[in-house]
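Here is the structure we will look at, set down as structure tokens.
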Protein chains: 2
Amino acid sequence: MEHYKVGEIAEKIGVNIETLRYYEKIKIMPKPKRMESRYRIYDELDLKRLLFIKRAKELGFTLKEIKELLNIKIESTATCGDVKHLAENKLTDIEERIKDLKSIKNVLVKLVNQCVCEELSTDECPILEVIDPKTKSLKGGDTI
Amino acid sequence: MEHYKVGEIAEKIGVNIETLRYYEKIKIMPKPKRMESRYRIYDELDLKRLLFIKRAKELGFTLKEIKELLNIKIESTATCGDVKHLAENKLTDIEERIKDLKSIKNVLVKLVNQCVCEELSTDECPILEVIDPKTKSLKGGDTI
DNA sequence: ATAATATCAGTAGTAGAGTACGGAGTCAAG
DNA sequence: CTTGACTCCGTACTCTACTACTGATATTAT
């Protein structure tokens with residue numbers, strides 16, 4: 001099994017070393033094993049976890065939410081049904097994100113293909129039409 | 001045309017009044033018209049813009065990026081070709097977001113349908129497999 | 001007309017997510 | 001066996017995106 005020192009893994013995923021210590025502190029990353037010198041050692045699983053965290057952040061999840069996503073299966077206190085229920089909520093959230101991103105994408109596609117930029121009055125920005133006002137905010141609902 | 005006072009529109013979209021003043025300050029929202037009393041007045045277009053900002057934020061865009069998205073068509077200094085080029089980059093970014101969200105979605109669907117939570121060892125978290133490490137980070141590229 | 005409520009502008013404070021700094025211990029090359 | 005690079009830990013600082021507070025006007029309800 002590959003293993004890395006903190007500087008190596010930081011380099012590999014493109015984050016600051018301090019970020020790794022920070023993730024450890026807020027418990028989104030587990031405490032890594034240590035060498036005799038107390039240097040941290042990371043493995044492939046840590047690498048995967050960090051890549052997931054990085055991308056999920058870019059996709060708009062908070063570290064708190066990412067922690068929940070990563071812990072979905074470990075919640076041994078919850079019944080399988082509970083976990084299922086919560087996973088379903090995350091799923092709904094993600095489906096809505098995909099839907100809205102697709103709407104934005106469509107507008108950009110039109111913009112790129114037709115190059116309509118000159119033809120639009122300053123007042124009508126096509127991108128404003130993509131969000132359906134009927135979509136209610138789901139904030140404050142269930143969390144996993 | 002409908003119009004709203006700051007408190008009304010804040011209520012309508014579910015943000016703090018101060019947030020509206022903040023958005024005005026950082027110029028992501030235009031300066032609104034005023035009543036004789038100097039009270040701000042917002043209209044339907046402002047409402048749409050604010051809904052877009054709110055949702056785009058939830059989708060992981062920064063206010064800076066959202067500003068760029070909203071200004072894509074107004075950049076009259078840029079040639080149509082430039083705008084097109086930049087819109088294409090945004091498009092690529094969004095397509096990748098959709099792709100990765102779909103991967104996460106698939107894992108959650110499996111989780112929900114098969115309720116595999118009990119069957120997995122603590123070590124193997126299915127969600128960690130969704131991000132393809134070959135995907136390079138595109139940070140620092142073009143911005144609009 | 002007057003109390004309660006809303007808005008004004010400016011400034012200060014907060015939460016989340018890092019990022020930097022400093023002095024000490026560790027390792028690897030010359 | 002020392003010099004330079006790496007890592008350790010704790011603490012302090014930064015940046016983004018708000019959020020709160022204040023004392024002064026403005027509007028609205030009774």
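Naming works like this for the structure tokens: A, B, ... for the chains as they're shown, residue 1 at the start of each chain, ligands 1 onward in shown order.
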
At most 9 Å to chain B: residues in chain D, only C-alpha atoms (C1' of nucleotides), as a VMD selection string: chain D and resid 16 to 19 25 to 26

Chain C residues near chain A (9 Å cut-off, only C-alpha atoms (C1' of nucleotides)) as JSON, numbers by chain: {"C": [16, 17, 18, 19, 25, 26]}

Computed interatomic separation between atom CA of Phe61 of chain A and atom CA of Glu58 of chain B (Å): 8.1 Å

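Taking only C-alpha atoms (C1' of nucleotides), the non-local environment of DA4 of chain C within 10 Å (same-chain residues fewer than 2 positions away omitted) comprises DT2 and DA6 of chain C; DT28, DA29 and DT30 of chain D.
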
Residue contacts of Ile94 of chain B (9 Å, only C-alpha atoms (C1' of nucleotides)) excluding same-chain residues fewer than 2 positions away, as a PyMOL selection string: (chain A and resi 101-102+104-105) or (chain B and resi 89-92+96-99)

Can I get the selected residues back with all heavy atoms, as a short mmCIF file (atom, residue, chain, number, x, y, z; two decimals), in the first residue's frame?
data_model
loop_
_atom_site.label_atom_id
_atom_site.label_comp_id
_atom_site.auth_asym_id
_atom_site.auth_seq_id
_atom_site.Cartn_x
_atom_site.Cartn_y
_atom_site.Cartn_z
N LEU A 101 -28.39 23.27 -12.63
CA LEU A 101 -27.15 23.42 -13.39
C LEU A 101 -27.41 23.20 -14.88
O LEU A 101 -26.84 23.89 -15.73
CB LEU A 101 -26.09 22.43 -12.90
CG LEU A 101 -25.31 22.84 -11.65
CD1 LEU A 101 -24.41 21.72 -11.18
CD2 LEU A 101 -24.48 24.09 -11.92
N LYS A 102 -28.28 22.24 -15.18
CA LYS A 102 -28.61 21.99 -16.58
C LYS A 102 -29.29 23.20 -17.20
O LYS A 102 -29.05 23.53 -18.36
CB LYS A 102 -29.52 20.77 -16.70
CG LYS A 102 -28.77 19.46 -16.65
CD LYS A 102 -29.71 18.29 -16.88
CE LYS A 102 -28.96 16.97 -16.87
NZ LYS A 102 -29.90 15.82 -16.75
N ILE A 104 -28.84 26.33 -16.35
CA ILE A 104 -27.80 27.32 -16.59
C ILE A 104 -26.98 26.92 -17.81
O ILE A 104 -26.65 27.74 -18.67
CB ILE A 104 -26.89 27.47 -15.35
CG1 ILE A 104 -27.68 28.03 -14.17
CG2 ILE A 104 -25.71 28.38 -15.65
CD1 ILE A 104 -26.91 28.12 -12.88
N LYS A 105 -26.68 25.64 -17.87
CA LYS A 105 -25.92 25.12 -19.01
C LYS A 105 -26.63 25.44 -20.33
O LYS A 105 -26.00 25.90 -21.29
CB LYS A 105 -25.75 23.61 -18.86
CG LYS A 105 -25.07 22.95 -20.03
CD LYS A 105 -25.01 21.45 -19.89
CE LYS A 105 -24.93 20.82 -21.27
NZ LYS A 105 -24.75 19.36 -21.22
N ASN B 89 -15.88 28.28 -21.41
CA ASN B 89 -15.18 27.77 -20.22
C ASN B 89 -16.14 27.54 -19.06
O ASN B 89 -16.05 26.52 -18.36
CB ASN B 89 -14.09 28.75 -19.79
CG ASN B 89 -12.91 28.70 -20.72
OD1 ASN B 89 -12.75 27.74 -21.49
ND2 ASN B 89 -12.09 29.72 -20.70
N LYS B 90 -17.02 28.46 -18.85
CA LYS B 90 -18.03 28.29 -17.80
C LYS B 90 -18.84 27.03 -18.07
O LYS B 90 -19.17 26.27 -17.17
CB LYS B 90 -18.99 29.48 -17.77
CG LYS B 90 -18.41 30.76 -17.23
CD LYS B 90 -18.27 30.73 -15.71
CE LYS B 90 -17.61 32.01 -15.20
NZ LYS B 90 -16.89 31.80 -13.94
N LEU B 91 -19.11 26.84 -19.33
CA LEU B 91 -19.91 25.70 -19.76
C LEU B 91 -19.20 24.39 -19.41
O LEU B 91 -19.80 23.46 -18.85
CB LEU B 91 -20.10 25.80 -21.27
CG LEU B 91 -21.19 24.96 -21.91
CD1 LEU B 91 -22.49 25.09 -21.16
CD2 LEU B 91 -21.37 25.40 -23.36
N THR B 92 -17.93 24.32 -19.71
CA THR B 92 -17.15 23.13 -19.40
C THR B 92 -17.18 22.85 -17.89
O THR B 92 -17.40 21.73 -17.45
CB THR B 92 -15.69 23.34 -19.84
OG1 THR B 92 -15.69 23.75 -21.19
CG2 THR B 92 -14.90 22.06 -19.69
N GLU B 96 -18.88 19.56 -16.00
CA GLU B 96 -18.16 18.69 -15.07
C GLU B 96 -18.87 18.60 -13.72
O GLU B 96 -18.89 17.55 -13.09
CB GLU B 96 -16.72 19.19 -14.88
CG GLU B 96 -15.81 18.65 -15.96
CD GLU B 96 -14.48 19.37 -16.01
OE1 GLU B 96 -14.18 20.13 -15.07
OE2 GLU B 96 -13.76 19.18 -17.00
N ARG B 97 -19.41 19.70 -13.30
CA ARG B 97 -20.16 19.68 -12.04
C ARG B 97 -21.33 18.72 -12.15
O ARG B 97 -21.60 17.93 -11.24
CB ARG B 97 -20.70 21.07 -11.72
CG ARG B 97 -19.65 22.05 -11.23
CD ARG B 97 -20.26 23.43 -11.05
NE ARG B 97 -19.23 24.43 -10.92
CZ ARG B 97 -19.11 25.25 -9.87
NH1 ARG B 97 -19.97 25.19 -8.88
NH2 ARG B 97 -18.15 26.13 -9.83
N ILE B 98 -22.03 18.81 -13.27
CA ILE B 98 -23.19 17.94 -13.46
C ILE B 98 -22.75 16.47 -13.45
O ILE B 98 -23.35 15.63 -12.79
CB ILE B 98 -23.90 18.27 -14.79
CG1 ILE B 98 -24.56 19.64 -14.71
CG2 ILE B 98 -24.94 17.21 -15.14
CD1 ILE B 98 -25.13 20.17 -16.02
N LYS B 99 -21.67 16.20 -14.14
CA LYS B 99 -21.16 14.83 -14.23
C LYS B 99 -20.85 14.29 -12.82
O LYS B 99 -21.27 13.18 -12.45
CB LYS B 99 -19.90 14.83 -15.08
CG LYS B 99 -19.15 13.52 -15.16
CD LYS B 99 -17.97 13.63 -16.13
CE LYS B 99 -16.72 12.91 -15.64
NZ LYS B 99 -16.09 13.49 -14.44
#

Residues within 10 Å of Gly14 of chain A, only C-alpha atoms (C1' of nucleotides), excluding chain neighbours under 5 positions, as a compact mmCIF listing (two decimals) with N, CA and C atoms, in the first residue's frame:
# COMPACT_ATOMS: atom_id res chain seq x y z
N GLU A 8 3.71 15.43 0.79
CA GLU A 8 3.51 14.69 -0.45
C GLU A 8 2.04 14.65 -0.85
N ILE A 9 1.20 14.30 0.13
CA ILE A 9 -0.22 14.19 -0.20
C ILE A 9 -0.83 15.56 -0.48
N LEU A 51 -9.75 13.76 -2.18
CA LEU A 51 -10.21 14.15 -3.51
C LEU A 51 -11.72 14.36 -3.51
N LYS A 54 -12.50 17.63 -1.75
CA LYS A 54 -12.14 18.77 -2.59
C LYS A 54 -13.22 19.02 -3.66
N SER B 137 -7.69 19.51 -11.87
CA SER B 137 -8.26 20.76 -11.38
C SER B 137 -8.07 21.83 -12.43

DA20 of chain C surroundings by only C-alpha atoms (C1' of nucleotides), 10 Å radius, close-in-sequence under 3 positions cut, as number ranges by chain: A: 18; D: 12-14
